[in-house]
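Since the structure comes first, as structure tokens, the remarks are kept for the end.
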Amino acid sequence: MNRRLNSRRLEGRVLLWLLGGLAFAVVAAALTLATSEEARKVATTGLVDSMADAAEGFMTQATPVDAHALAPNIYQARGVSNTHLIDTGDSVVIFDTGLSIQATRQKRALEELVGEKPVSHVILSHSHQDHVGGTQFWAEAETRIIAHREFTEEQRYLKDLEPYLYQRNRRLFPWMPEEPITRGPLSFGHVVPTQTIRNGEPYKFSQGGFRFEVLPTPGAEGLDNLSLWLPDQRILFVGDTLGPIFPQFPNIFTMRGEKMRKPMEYIESLNRLIDLNAEMLVPGHLAPTRGAQEIREGLTRIRDAVQYVHDETVKGMNAGKTVWQLMEEIQLPPELALSQVHGRVSWGVRSLWEYYATWFHYDSTTELYPVPVRAVYAELGELAGVEALSRQARAALAAGEPVKALHFCEIALATDPGASAALEAQRDALQVLLNRARMGFETSYEIIWLEGELEMTEAALTGPSPASG
Ligand SMILES: [Zn+2]
């Protein structure tokens, strides 16, 4: 972890621990002592607001909260992720509830537009914490909480692996608070749906003259994806089914980790969305897309691109090609060109390969045993010499092969972690990759990862700081 992040680590951890503990104690007291539902709400919300303010202060790029109308009676509260409200007259329906530390502010911003009304349904697009964080602030005794049948299992494993996944996520989303909030009302993992929807069985209901269709759309963002379709308004809320911008090549499986998804199920989901012929497409992050033609064309291109990458990967596997060859070779044809800012075709190839073939690549007997090639790096570096390896890294870099250069650097640095020639070659190789990423697909996760690695290499070059632990 780099020093800039380290310097605030202890502070952040202490603050969030205190907030979690404080919240737990005070909310418990408020719930016990409050004599009316109203008093309970006020006590909880006021406390949550001050906790949220404190926690949000540790986020360096929190998208500010505001709310606006998307269509008559249909509202969006913006923030890190969006919360949606459909005003059905006497009550409201909520689709997604935002990040916990922004949820009460999103709720208040929406209530400023429509007033406080009973909540008949909360519909959750999936179990990620940026989409379910405010559920408890919206849900009342009579509220139906609708989620996918896989929601509970997805939430379970995300919670069980929270310490592991959180630190991985922070490498890719460096604006997140340093530690997860693990206790109290802002913590993740306690949403209990009252009604679940299974694949192939959409759920339709009417409320105050509005017709709603909750569609299971498993795929790019999880096995538990739901979309919400308003057939009369032709508005489609998709959560993260398509990722944050539209259209783009999706994360078939994410770089940050999480379980595999079924690619064919995703293609079926996309087919279902195309058939709706939506006039407005509302994602879980960022702004809606309007216009039936643009939406249909974008969805069709995403579906065809995923199908193409899938089919080419399968074809290459059957032809006996390695995953590395296929990552290099498979590219989208011009008619299927899509932004790869979020998902990346070469990573899609690799994850499809591993989805079908899993962990044993048949490359080497050593893959069967817990002794990775890195186990011999230090000795290899002794034999070759750190200087010679650093020169070899430079030569690879000069030949336009920065990844090969990184391999040489990693062997050299296993032998001598402070070797400046190797660190300098590593820094330059990372810089070449970063330039290529910025000039090429601009994949955000790749760029953030490379920036983090570069920062750590530069920190190693300037030596340990007295402040770092
Ligand atoms: Zn999200």
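Residue numbering restarts at 1 for every chain of the structure tokens, chains are lettered A, B, ... in their displayed order, and ligands are numbered from 1 as they appear.
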Determine, using only C-alpha atoms and all ligand atoms, which residues of chain A have any atom at most 8 Å from an atom of ligand 1, and tabulate each with its shortest atom pair and distance in Å to one decimal place, rows ordered by chain and then rising number, as JSON lines.
{"residue": "A:Ser81", "atom": "CA", "partner": "ligand 1", "partner_atom_place_in_ligand_line": "1 (Zn)", "distance": 6.1}
{"residue": "A:His128", "atom": "CA", "partner": "ligand 1", "partner_atom_place_in_ligand_line": "1 (Zn)", "distance": 6.5}
{"residue": "A:Gln129", "atom": "CA", "partner": "ligand 1", "partner_atom_place_in_ligand_line": "1 (Zn)", "distance": 7.8}
{"residue": "A:Asp130", "atom": "CA", "partner": "ligand 1", "partner_atom_place_in_ligand_line": "1 (Zn)", "distance": 5.4}
{"residue": "A:His131", "atom": "CA", "partner": "ligand 1", "partner_atom_place_in_ligand_line": "1 (Zn)", "distance": 6.1}
{"residue": "A:Gly239", "atom": "CA", "partner": "ligand 1", "partner_atom_place_in_ligand_line": "1 (Zn)", "distance": 7.0}
{"residue": "A:Asp240", "atom": "CA", "partner": "ligand 1", "partner_atom_place_in_ligand_line": "1 (Zn)", "distance": 5.6}
{"residue": "A:Gly243", "atom": "CA", "partner": "ligand 1", "partner_atom_place_in_ligand_line": "1 (Zn)", "distance": 7.8}
{"residue": "A:Pro244", "atom": "CA", "partner": "ligand 1", "partner_atom_place_in_ligand_line": "1 (Zn)", "distance": 7.7}
{"residue": "A:Gly284", "atom": "CA", "partner": "ligand 1", "partner_atom_place_in_ligand_line": "1 (Zn)", "distance": 6.0}
{"residue": "A:His285", "atom": "CA", "partner": "ligand 1", "partner_atom_place_in_ligand_line": "1 (Zn)", "distance": 6.4}
field: All helix (DSSP H, G or I) positions in region 53-200 of chain A, as a PyMOL selection string
entry: chain A and resi 53-56+100-114+129-132+135-138+151-160+162-172
task: Please provide the set of residues having any atom within 12 Å of Ala405 (chain A), restricted to only C-alpha atoms, with same-chain residues fewer than 4 positions apart removed, written as number ranges by chain.
output: A: 389-401, 409-412, 422-433
- prompt: Which neighbours of Gly98 (chain A) fall inside 12 Å, counting only C-alpha atoms, when residues of the same chain fewer than 5 positions from it are skipped, and could you give them as a ChimeraX atom specification?
  reply: /A:63,65,76-85,103-107,122-138,186,188,239,284-285
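Among the candidates A:Met264, A:Leu434, A:Ile235, A:Ala147, the residue lying nearest to Pro72 (chain A) is A:Ile235 (atoms considered: only C-alpha atoms).
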task: Point out the residue among A:Thr457, A:Thr415, A:Ser420, A:Asn225 with the least atom-to-atom distance to His148 (chain A), counting only C-alpha atoms.
output: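 Answer, going by the shortest atom-to-atom distance: A:Asn225.
Relative to CA of Thr88 (chain A), CA of Ala141 (chain A) is found at 18.7 Å.
Shortest separation to Glu379 (chain A) among A:Glu312, A:Ala414, A:Tyr266, A:Arg350 occurs at residue A:Ala414, atoms counted being only C-alpha atoms.
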- prompt: Which residues come within 8 Å of region 295-297 of chain A, counting only C-alpha atoms, excluding same-chain residues fewer than 3 positions away, as a PyMOL selection string?
  reply: chain A and resi 274+277-281+289-292+300-301
message: Just want the 8 Å neighbourhood of Ile330 (chain A), counted on only C-alpha atoms, with same-chain residues fewer than 5 positions away dropped. Output as a VMD selection string.
response: chain A and resid 309 312 to 313 345 to 346 349
Residue subset to file, keeping N, CA and C atoms, as a JSON list (two decimals), in the first residue's frame:
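The resulting part-v3.json:
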[["chain", "number", "residue", "atom", "x", "y", "z"],
["A", 309, "VAL", "N", -17.15, -12.45, -28.93],
["A", 309, "VAL", "CA", -15.96, -12.77, -28.11],
["A", 309, "VAL", "C", -16.10, -14.18, -27.54],
["A", 312, "GLU", "N", -15.53, -16.73, -30.52],
["A", 312, "GLU", "CA", -14.13, -16.78, -30.96],
["A", 312, "GLU", "C", -13.26, -17.47, -29.92],
["A", 313, "THR", "N", -13.58, -17.25, -28.65],
["A", 313, "THR", "CA", -12.81, -17.91, -27.59],
["A", 313, "THR", "C", -13.01, -19.42, -27.66],
["A", 345, "VAL", "N", -12.01, -6.50, -23.81],
["A", 345, "VAL", "CA", -12.19, -7.72, -24.60],
["A", 345, "VAL", "C", -11.17, -8.79, -24.20],
["A", 346, "SER", "N", -9.90, -8.41, -24.06],
["A", 346, "SER", "CA", -8.88, -9.44, -23.76],
["A", 346, "SER", "C", -9.12, -10.08, -22.40],
["A", 349, "VAL", "N", -11.91, -12.52, -22.85],
["A", 349, "VAL", "CA", -11.41, -13.77, -23.43],
["A", 349, "VAL", "C", -10.84, -14.66, -22.33]]
message: Which residues are near Thr194 (chain A)? Cut-off 8 Å, only C-alpha atoms, ignore same chain within fewer than 4 positions. Put them as a PyMOL selection string.
response: chain A and resi 144-146
Store the residues picked out above in a file with N, CA and C atoms, as an mmCIF file, in the first residue's frame.
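Final output, saved to selection22.cif:
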data_model
loop_
_atom_site.group_PDB
_atom_site.id
_atom_site.type_symbol
_atom_site.label_atom_id
_atom_site.label_comp_id
_atom_site.auth_asym_id
_atom_site.auth_seq_id
_atom_site.Cartn_x
_atom_site.Cartn_y
_atom_site.Cartn_z
ATOM 1 N N ARG A 144 -42.832 -4.056 0.644
ATOM 2 C CA ARG A 144 -42.337 -5.305 0.058
ATOM 3 C C ARG A 144 -40.947 -5.041 -0.496
ATOM 4 N N ILE A 145 -40.001 -5.846 -0.069
ATOM 5 C CA ILE A 145 -38.623 -5.697 -0.556
ATOM 6 C C ILE A 145 -38.383 -6.809 -1.576
ATOM 7 N N ILE A 146 -38.257 -6.387 -2.834
ATOM 8 C CA ILE A 146 -38.184 -7.355 -3.933
ATOM 9 C C ILE A 146 -36.745 -7.469 -4.431
#
Counting only C-alpha atoms, the residue of A:Leu276, A:Met255, A:Val192, A:Ile447 that sits nearest Ser227 (chain A): A:Leu276
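Counting only C-alpha atoms, the residue from A:Lys315, A:Arg170, A:Arg303, A:His310 that sits nearest to Ser269 (chain A) is A:Arg303.
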task: Point out the residue among A:Arg436, A:His121, A:His68, A:Lys259 with the least atom-to-atom distance to Phe95 (chain A), counting only C-alpha atoms.
output: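 Closest candidate: A:His121.
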message: Among region 104-152 of chain A, which ones does DSSP assign to strand (DSSP E or B) (computed from the backbone)? Answer as a PyMOL selection string.
response: chain A and resi 119-123+144-148
